[in-house]
$ cat upload-v2.cif   # mmCIF, C-alpha atoms
data_upload
#
loop_
_atom_site.label_atom_id
_atom_site.label_comp_id
_atom_site.auth_asym_id
_atom_site.auth_seq_id
_atom_site.Cartn_x
_atom_site.Cartn_y
_atom_site.Cartn_z
CA MET A 1 0.00 0.00 0.00
CA GLN A 2 1.41 3.35 -0.97
CA SER A 3 -1.22 5.70 0.46
CA LEU A 4 -4.47 5.71 2.40
CA PHE A 5 -7.20 8.34 2.07
CA LEU A 6 -10.42 8.81 4.04
CA LEU A 7 -13.05 10.67 2.06
CA SER A 8 -16.20 12.27 3.42
CA SER A 9 -19.64 11.76 1.90
CA SER A 10 -19.01 14.85 -0.24
CA GLY A 11 -15.61 13.68 -1.54
CA GLU A 12 -13.51 15.89 0.76
CA VAL A 13 -10.22 14.32 1.85
CA LEU A 14 -10.36 14.02 5.64
CA ILE A 15 -7.26 11.90 6.24
CA GLU A 16 -4.27 11.47 3.96
CA ARG A 17 -1.47 9.12 4.99
CA HIS A 18 1.43 8.15 2.74
CA PHE A 19 3.54 5.10 3.55
CA ARG A 20 5.82 4.76 0.50
CA GLY A 21 6.25 8.06 -1.25
CA THR A 22 3.49 10.51 -2.07
CA THR A 23 0.39 9.90 -4.15
CA SER A 24 -1.26 12.86 -5.80
CA ARG A 25 -4.74 13.75 -4.60
CA SER A 26 -5.84 13.57 -8.22
CA VAL A 27 -6.49 9.84 -7.66
CA CYS A 28 -9.17 10.85 -5.15
CA ASP A 29 -10.74 13.12 -7.75
CA TYR A 30 -10.67 10.29 -10.29
CA PHE A 31 -12.19 7.88 -7.79
CA TRP A 32 -14.87 10.34 -6.68
CA GLU A 33 -15.84 11.06 -10.27
CA ARG A 34 -16.33 7.33 -10.89
CA ALA A 35 -18.08 6.77 -7.55
CA SER A 36 -20.55 9.62 -7.93
CA CYS A 37 -21.68 8.21 -11.29
CA SER A 38 -22.42 4.77 -9.85
CA ASP A 39 -25.03 3.27 -7.56
CA HIS A 40 -22.28 2.90 -4.93
CA MET A 41 -22.78 6.47 -3.76
CA GLY A 42 -26.41 6.84 -4.79
CA GLY A 43 -25.41 8.80 -7.87
CA GLY A 44 -27.52 9.00 -10.96
CA GLY A 45 -25.20 7.01 -13.18
CA GLY A 46 -27.87 5.17 -15.10
CA GLY A 47 -29.05 2.90 -12.29
CA ASP A 48 -27.08 -0.17 -13.30
CA ALA A 49 -23.49 1.02 -12.83
CA ILE A 50 -21.88 -0.64 -9.82
CA LEU A 51 -18.44 0.52 -8.76
CA PRO A 52 -16.05 -2.43 -8.46
CA PRO A 53 -14.00 -2.64 -5.22
CA VAL A 54 -10.75 -2.33 -7.20
CA LEU A 55 -10.11 0.30 -9.86
CA GLU A 56 -7.13 0.56 -12.17
CA VAL A 57 -6.01 4.10 -12.96
CA PRO A 58 -3.08 5.45 -14.94
CA ALA A 59 -0.40 6.94 -12.70
CA GLU A 60 0.72 10.50 -13.25
CA SER A 61 3.90 10.82 -15.28
CA GLY A 62 6.76 9.14 -13.41
CA ASP A 63 4.61 8.45 -10.33
CA SER A 64 5.05 4.68 -10.24
CA GLU A 65 8.77 4.82 -11.07
CA LYS A 66 9.48 7.41 -8.37
CA HIS A 67 7.77 5.43 -5.64
CA GLY A 68 8.97 1.93 -6.30
CA GLY A 69 5.84 0.64 -7.97
CA GLY A 70 5.69 -1.69 -10.87
CA GLY A 71 2.66 -2.15 -13.02
CA GLY A 72 3.83 0.00 -15.94
CA GLY A 73 2.46 3.34 -14.77
CA THR A 74 -0.72 2.00 -13.18
CA LEU A 75 -2.15 2.58 -9.72
CA TYR A 76 -4.74 0.31 -8.14
CA LEU A 77 -7.44 1.86 -5.97
CA PHE A 78 -9.12 -0.32 -3.34
CA HIS A 79 -12.09 1.06 -1.47
CA ILE A 80 -14.80 0.33 1.05
CA TRP A 81 -17.67 2.50 2.21
CA ARG A 82 -18.64 2.59 5.92
CA ASP A 83 -20.54 5.15 8.02
CA ASP A 84 -20.66 7.65 5.13
CA LEU A 85 -16.87 7.49 4.81
CA THR A 86 -14.89 6.05 1.94
CA PHE A 87 -11.65 4.29 2.87
CA LEU A 88 -9.41 4.44 -0.21
CA ALA A 89 -6.08 2.59 -0.45
CA VAL A 90 -3.66 3.23 -3.32
CA CYS A 91 -1.25 0.49 -4.43
CA PRO A 92 1.37 0.99 -7.17
CA ALA A 93 1.63 -2.73 -7.94
CA GLU A 94 -0.67 -5.71 -8.02
CA VAL A 95 -1.36 -7.13 -4.57
CA SER A 96 -3.93 -9.52 -3.19
CA PRO A 97 -7.20 -7.58 -3.27
CA LEU A 98 -8.57 -9.39 -0.23
CA LEU A 99 -5.54 -8.39 1.84
CA VAL A 100 -6.12 -4.69 1.20
CA ILE A 101 -9.91 -4.84 1.49
CA GLU A 102 -9.73 -6.81 4.74
CA PHE A 103 -7.22 -4.28 6.08
CA LEU A 104 -9.56 -1.39 5.19
CA HIS A 105 -12.39 -3.16 7.05
CA ARG A 106 -10.05 -3.62 10.04
CA VAL A 107 -9.26 0.11 10.04
CA ALA A 108 -12.98 0.93 9.99
CA ASP A 109 -13.63 -1.56 12.81
CA ILE A 110 -10.83 -0.08 14.91
CA PHE A 111 -12.29 3.41 14.42
CA VAL A 112 -15.69 2.15 15.62
CA ASP A 113 -13.99 0.48 18.58
CA TYR A 114 -12.13 3.69 19.51
CA PHE A 115 -14.68 6.40 18.65
CA GLY A 116 -18.01 4.58 18.95
CA SER A 117 -20.63 3.85 16.35
CA PRO A 118 -20.99 5.48 13.94
CA ALA A 119 -17.36 6.39 13.30
CA ASP A 120 -18.37 9.07 10.85
CA GLU A 121 -16.90 12.35 9.61
CA SER A 122 -17.45 14.22 12.89
CA ALA A 123 -15.80 11.45 14.91
CA ILE A 124 -12.77 11.49 12.60
CA LYS A 125 -12.51 15.29 12.75
CA ASP A 126 -12.76 15.26 16.55
CA ASN A 127 -9.95 12.71 16.85
CA PHE A 128 -7.41 13.58 14.13
CA SER A 129 -4.34 12.92 16.24
CA THR A 130 -5.63 9.56 17.45
CA VAL A 131 -6.50 8.53 13.87
CA TYR A 132 -2.97 9.31 12.67
CA GLN A 133 -1.42 7.52 15.66
CA LEU A 134 -3.54 4.44 14.96
CA LEU A 135 -2.56 4.43 11.29
CA GLU A 136 1.09 4.78 12.28
CA GLU A 137 0.87 1.69 14.48
CA MET A 138 -1.29 -0.33 12.08
CA VAL A 139 0.92 0.02 8.98
CA ASP A 140 4.65 -0.39 8.53
CA TYR A 141 6.03 0.75 5.17
CA GLY A 142 2.75 0.00 3.47
CA TRP A 143 2.17 -3.44 5.02
CA PRO A 144 -0.47 -4.15 7.69
CA LEU A 145 1.25 -4.69 11.01
CA THR A 146 -0.82 -4.41 14.18
CA THR A 147 -4.55 -4.75 13.62
CA GLU A 148 -5.67 -6.36 16.90
CA PRO A 149 -7.75 -3.96 19.02
CA ASN A 150 -6.29 -5.19 22.35
CA ALA A 151 -2.71 -4.69 21.16
CA LEU A 152 -3.53 -1.23 19.83
CA LYS A 153 -5.29 -0.24 23.05
CA ALA A 154 -2.18 -1.27 24.99
CA MET A 155 -0.18 1.25 22.92
CA ILE A 156 -2.73 4.01 22.24
CA ARG A 157 -5.45 4.69 24.77
CA PRO A 158 -8.94 5.33 23.38
CA PRO A 159 -10.06 8.93 23.79
CA THR A 160 -12.27 9.64 26.79
CA VAL A 161 -14.44 12.59 27.75
CA MET A 162 -12.22 13.24 30.79
CA GLY A 163 -9.11 13.17 28.60
CA LYS A 164 -10.66 15.72 26.22
CA ILE A 165 -11.61 17.98 29.12
CA GLN A 166 -8.09 17.70 30.55
CA GLN A 167 -6.60 18.47 27.14
CA ALA A 168 -8.83 21.54 26.77
CA MET A 169 -8.02 22.79 30.27
CA THR A 170 -4.25 22.32 30.06
CA GLY A 171 -3.95 23.32 26.43
CA GLY A 172 -1.73 20.31 25.79
CA SER A 173 -1.41 18.51 22.51
CA GLY A 174 -3.08 15.49 24.05
CA SER A 175 -0.38 13.04 23.02
CA SER A 176 0.54 12.32 26.64
CA ALA A 177 -3.10 11.56 27.44
CA VAL A 178 -3.50 9.24 24.44
CA VAL A 179 -0.20 7.38 24.15
CA SER A 180 0.43 4.73 26.78
CA GLU A 181 3.25 5.28 29.26
CA ALA A 182 4.66 1.79 28.64
CA LEU A 183 4.72 -0.38 25.56
CA PRO A 184 3.11 -3.80 25.78
CA SER A 185 5.34 -6.67 26.80
CA GLY A 186 6.83 -9.02 24.22
CA THR A 187 4.61 -11.83 25.48
CA VAL A 188 1.40 -10.52 23.96
CA SER A 189 -1.12 -13.30 23.41
CA ASN A 190 -1.57 -14.36 19.80
CA MET A 191 -5.21 -15.14 20.48
CA PRO A 192 -7.37 -12.11 19.65
CA TRP A 193 -10.11 -12.95 22.15
CA ARG A 194 -7.68 -12.87 25.09
CA ARG A 195 -6.52 -9.63 26.56
CA ALA A 196 -2.83 -8.91 26.34
#

$ encode --input "upload-v2.cif" --output "structure tokens"
Amino acid sequence: MQSLFLLSSSGEVLIERHFRGTTSRSVCDYFWERASCSDHMGGGGGGDAILPPVLEVPAESGDSEKHGGGGGGTLYLFHIWRDDLTFLAVCPAEVSPLLVIEFLHRVADIFVDYFGSPADESAIKDNFSTVYQLLEEMVDYGWPLTTEPNALKAMIRPPTVMGKIQQAMTGGSGSSAVVSEALPSGTVSNMPWRRA
């Protein structure tokens, strides 16, 4: 995965995270143009147009060569739609579609776990720093790394009302209230239903 974008229901880029080089926001415009013409977003694209979960788009001149991608100047866009948000992953080379789509669903599930349901545009805007910290821990150089909620909660505390009040009163950046004082031990359980 080269980049990850979170788009609002109007196509506005809420979150932009690049893991391997930089992807132009023009891919979001291309995606949104295709999505708004399909039944995926309730657009009036003729009623029978369904947006596939993977789109192939031509990369901008030199984009795939600059950022280590293959594919002959092609970018692959993977997307899911949850809580009026579009999670859009950009890959410069062919990868397993299920890997990327499952990862996007994991990201959406983690956001619901951290911010409550629905994890919509307002929840994302209220918790920008936590969203970026979660993405930093979940992805390493474009590859999914830590996607277990218990392991993430051991590293990054979910935001609380008291934490937000404390942050507003002290004027702090909030990173000390969100990031755990100690990292989890190396003996974290591999079983997701057990707490670490």

$ atom_distance --input "upload-v2.cif" --atom1 "atom CA of A:Phe5" --atom2 "atom CA of A:Val27"
9.9 Å

$ atom_distance --input "upload-v2.cif" --atom1 "atom CA of A:Tyr132" --atom2 "atom CA of A:Glu16"
9.1 Å

$ atom_distance --input "upload-v2.cif" --atom1 "atom CA of A:Ser8" --atom2 "atom CA of A:Tyr30"
14.9 Å

$ resolve_selection --input "upload-v2.cif" --expression "the PyMOL selection byres ((chain A and resi 18) around 7)" --output "ChimeraX atom specification"
/A:2-4,16-17,19-22

$ axis_aligned_box --input "upload-v2.cif" --around "stretch 142-158 of chain A" --padding-each-side "8 Å" --output "lines of an AutoDock Vina configuration file"
center_x = -3.1
center_y = -0.5
center_z = 14.2
size_x = 27.7
size_y = 27.7
size_z = 37.5

$ closest_atom_pairs --input "upload-v2.cif" --of "stretch 89-125 of chain A" --to "stretch 154-165 of chain A" --cutoff "12 Å" --atoms "all atoms listed in the file" --output "CSV"
residue,atom,partner,partner_atom,distance
A:Ile110,CA,A:Pro158,CA,10.2
A:Phe111,CA,A:Pro158,CA,9.8
A:Val112,CA,A:Pro158,CA,10.8
A:Asp113,CA,A:Pro158,CA,8.5
A:Tyr114,CA,A:Pro158,CA,5.3
A:Phe115,CA,A:Pro159,CA,7.4
A:Gly116,CA,A:Pro158,CA,10.1
A:Ala123,CA,A:Pro159,CA,10.9
A:Ile124,CA,A:Pro159,CA,11.8

$ residues_around --input "upload-v2.cif" --residues "stretch 94-109 of chain A" --least-positions-apart "4" --cutoff "8 Å" --atoms "only C-alpha atoms" --output "CSV table (one decimal) with C-alpha atoms, in the frame of the given file"
chain,number,residue,atom,x,y,z
A,1,MET,CA,0.0,0.0,0.0
A,54,VAL,CA,-10.8,-2.3,-7.2
A,71,GLY,CA,2.7,-2.2,-13.0
A,76,TYR,CA,-4.7,0.3,-8.1
A,78,PHE,CA,-9.1,-0.3,-3.3
A,79,HIS,CA,-12.1,1.1,-1.5
A,80,ILE,CA,-14.8,0.3,1.0
A,82,ARG,CA,-18.6,2.6,5.9
A,87,PHE,CA,-11.6,4.3,2.9
A,88,LEU,CA,-9.4,4.4,-0.2
A,89,ALA,CA,-6.1,2.6,-0.4
A,113,ASP,CA,-14.0,0.5,18.6
A,119,ALA,CA,-17.4,6.4,13.3
A,144,PRO,CA,-0.5,-4.2,7.7
A,147,THR,CA,-4.6,-4.8,13.6

$ resolve_selection --input "upload-v2.cif" --expression "the PyMOL selection byres ((chain A and resi 121) around 9)" --output "list of chain:residue names"
A:Leu7, A:Ser8, A:Ser9, A:Leu14, A:Asp83, A:Asp84, A:Leu85, A:Ala119, A:Asp120, A:Ser122, A:Ala123, A:Ile124, A:Lys125, A:Asp126

$ write_last_selection --input "upload-v2.cif" --atoms "C-alpha atoms" --output "JSON list (two decimals), keeping the file's coordinate frame"
[["chain", "number", "residue", "atom", "x", "y", "z"],
["A", 7, "LEU", "CA", -13.05, 10.67, 2.06],
["A", 8, "SER", "CA", -16.20, 12.27, 3.42],
["A", 9, "SER", "CA", -19.64, 11.76, 1.90],
["A", 14, "LEU", "CA", -10.36, 14.02, 5.64],
["A", 83, "ASP", "CA", -20.54, 5.15, 8.02],
["A", 84, "ASP", "CA", -20.66, 7.65, 5.13],
["A", 85, "LEU", "CA", -16.87, 7.49, 4.81],
["A", 119, "ALA", "CA", -17.36, 6.39, 13.30],
["A", 120, "ASP", "CA", -18.37, 9.07, 10.85],
["A", 122, "SER", "CA", -17.45, 14.22, 12.89],
["A", 123, "ALA", "CA", -15.80, 11.45, 14.91],
["A", 124, "ILE", "CA", -12.77, 11.49, 12.60],
["A", 125, "LYS", "CA", -12.51, 15.29, 12.75],
["A", 126, "ASP", "CA", -12.76, 15.26, 16.55]]

$ decode --input "upload-v2.cif" --residues "stretch 144-156 of chain A" --atoms "all heavy atoms" --output "CSV table (one decimal), in the first residue's frame"
chain,number,residue,atom,x,y,z
A,144,PRO,N,0.3,-4.1,6.4
A,144,PRO,CA,-0.5,-4.2,7.7
A,144,PRO,C,0.4,-4.8,8.8
A,144,PRO,O,1.1,-5.8,8.5
A,144,PRO,CB,-1.7,-5.0,7.4
A,144,PRO,CG,-1.8,-4.9,5.9
A,144,PRO,CD,-0.5,-4.7,5.3
A,145,LEU,N,0.4,-4.2,9.9
A,145,LEU,CA,1.3,-4.7,11.0
A,145,LEU,C,0.4,-5.1,12.2
A,145,LEU,O,0.2,-6.3,12.5
A,145,LEU,CB,2.3,-3.6,11.4
A,145,LEU,CG,3.3,-4.0,12.4
A,145,LEU,CD1,4.2,-5.1,12.0
A,145,LEU,CD2,4.1,-2.8,12.8
A,146,THR,N,-0.1,-4.1,13.0
A,146,THR,CA,-0.8,-4.4,14.2
A,146,THR,C,-2.3,-4.0,13.9
A,146,THR,O,-2.6,-2.9,13.8
A,146,THR,CB,-0.3,-3.6,15.4
A,146,THR,OG1,1.1,-3.8,15.5
A,146,THR,CG2,-1.0,-3.9,16.6
A,147,THR,N,-3.1,-5.0,13.9
A,147,THR,CA,-4.5,-4.7,13.6
A,147,THR,C,-5.5,-5.3,14.7
A,147,THR,O,-6.7,-5.2,14.6
A,147,THR,CB,-5.0,-5.3,12.3
A,147,THR,OG1,-4.8,-6.7,12.3
A,147,THR,CG2,-4.3,-4.7,11.1
A,148,GLU,N,-4.9,-5.8,15.8
A,148,GLU,CA,-5.7,-6.4,16.9
A,148,GLU,C,-6.0,-5.2,17.8
A,148,GLU,O,-5.2,-4.5,18.3
A,148,GLU,CB,-4.9,-7.4,17.7
A,148,GLU,CG,-5.0,-8.8,17.3
A,148,GLU,CD,-6.5,-9.2,17.0
A,148,GLU,OE1,-7.3,-9.0,17.9
A,148,GLU,OE2,-6.8,-9.7,16.0
A,149,PRO,N,-7.3,-5.1,18.1
A,149,PRO,CA,-7.7,-4.0,19.0
A,149,PRO,C,-7.1,-4.0,20.4
A,149,PRO,O,-6.7,-2.9,20.9
A,149,PRO,CB,-9.3,-4.2,19.2
A,149,PRO,CG,-9.6,-5.0,18.0
A,149,PRO,CD,-8.4,-5.8,17.7
A,150,ASN,N,-6.9,-5.1,21.0
A,150,ASN,CA,-6.3,-5.2,22.3
A,150,ASN,C,-4.8,-4.7,22.3
A,150,ASN,O,-4.4,-4.0,23.2
A,150,ASN,CB,-6.4,-6.6,22.9
A,150,ASN,CG,-7.8,-7.0,23.3
A,150,ASN,OD1,-8.6,-6.1,23.5
A,150,ASN,ND2,-8.1,-8.3,23.3
A,151,ALA,N,-4.1,-5.1,21.3
A,151,ALA,CA,-2.7,-4.7,21.2
A,151,ALA,C,-2.6,-3.2,20.9
A,151,ALA,O,-1.8,-2.5,21.5
A,151,ALA,CB,-2.0,-5.5,20.0
A,152,LEU,N,-3.5,-2.7,20.1
A,152,LEU,CA,-3.5,-1.2,19.8
A,152,LEU,C,-3.9,-0.4,21.1
A,152,LEU,O,-3.3,0.6,21.4
A,152,LEU,CB,-4.5,-0.9,18.7
A,152,LEU,CG,-4.0,-1.3,17.3
A,152,LEU,CD1,-5.1,-1.2,16.3
A,152,LEU,CD2,-2.8,-0.4,16.9
A,153,LYS,N,-4.9,-0.9,21.8
A,153,LYS,CA,-5.3,-0.2,23.1
A,153,LYS,C,-4.2,-0.3,24.1
A,153,LYS,O,-4.2,0.6,25.0
A,153,LYS,CB,-6.6,-0.8,23.6
A,153,LYS,CG,-7.8,-0.5,22.8
A,153,LYS,CD,-9.1,-1.0,23.4
A,153,LYS,CE,-10.2,-0.6,22.5
A,153,LYS,NZ,-11.5,-1.2,23.0
A,154,ALA,N,-3.3,-1.2,24.1
A,154,ALA,CA,-2.2,-1.3,25.0
A,154,ALA,C,-1.2,-0.2,24.6
A,154,ALA,O,-0.4,0.3,25.5
A,154,ALA,CB,-1.5,-2.6,25.0
A,155,MET,N,-1.1,0.2,23.4
A,155,MET,CA,-0.2,1.2,22.9
A,155,MET,C,-0.8,2.6,22.9
A,155,MET,O,-0.2,3.6,23.2
A,155,MET,CB,0.4,0.9,21.5
A,155,MET,CG,1.2,-0.3,21.5
A,155,MET,SD,1.9,-0.6,19.9
A,155,MET,CE,0.6,-1.6,19.1
A,156,ILE,N,-2.0,2.7,22.4
A,156,ILE,CA,-2.7,4.0,22.2
A,156,ILE,C,-4.1,3.9,23.0
A,156,ILE,O,-4.9,3.1,22.6
A,156,ILE,CB,-3.0,4.3,20.7
A,156,ILE,CG1,-1.6,4.3,20.0
A,156,ILE,CG2,-3.7,5.6,20.6
A,156,ILE,CD1,-1.8,4.4,18.5
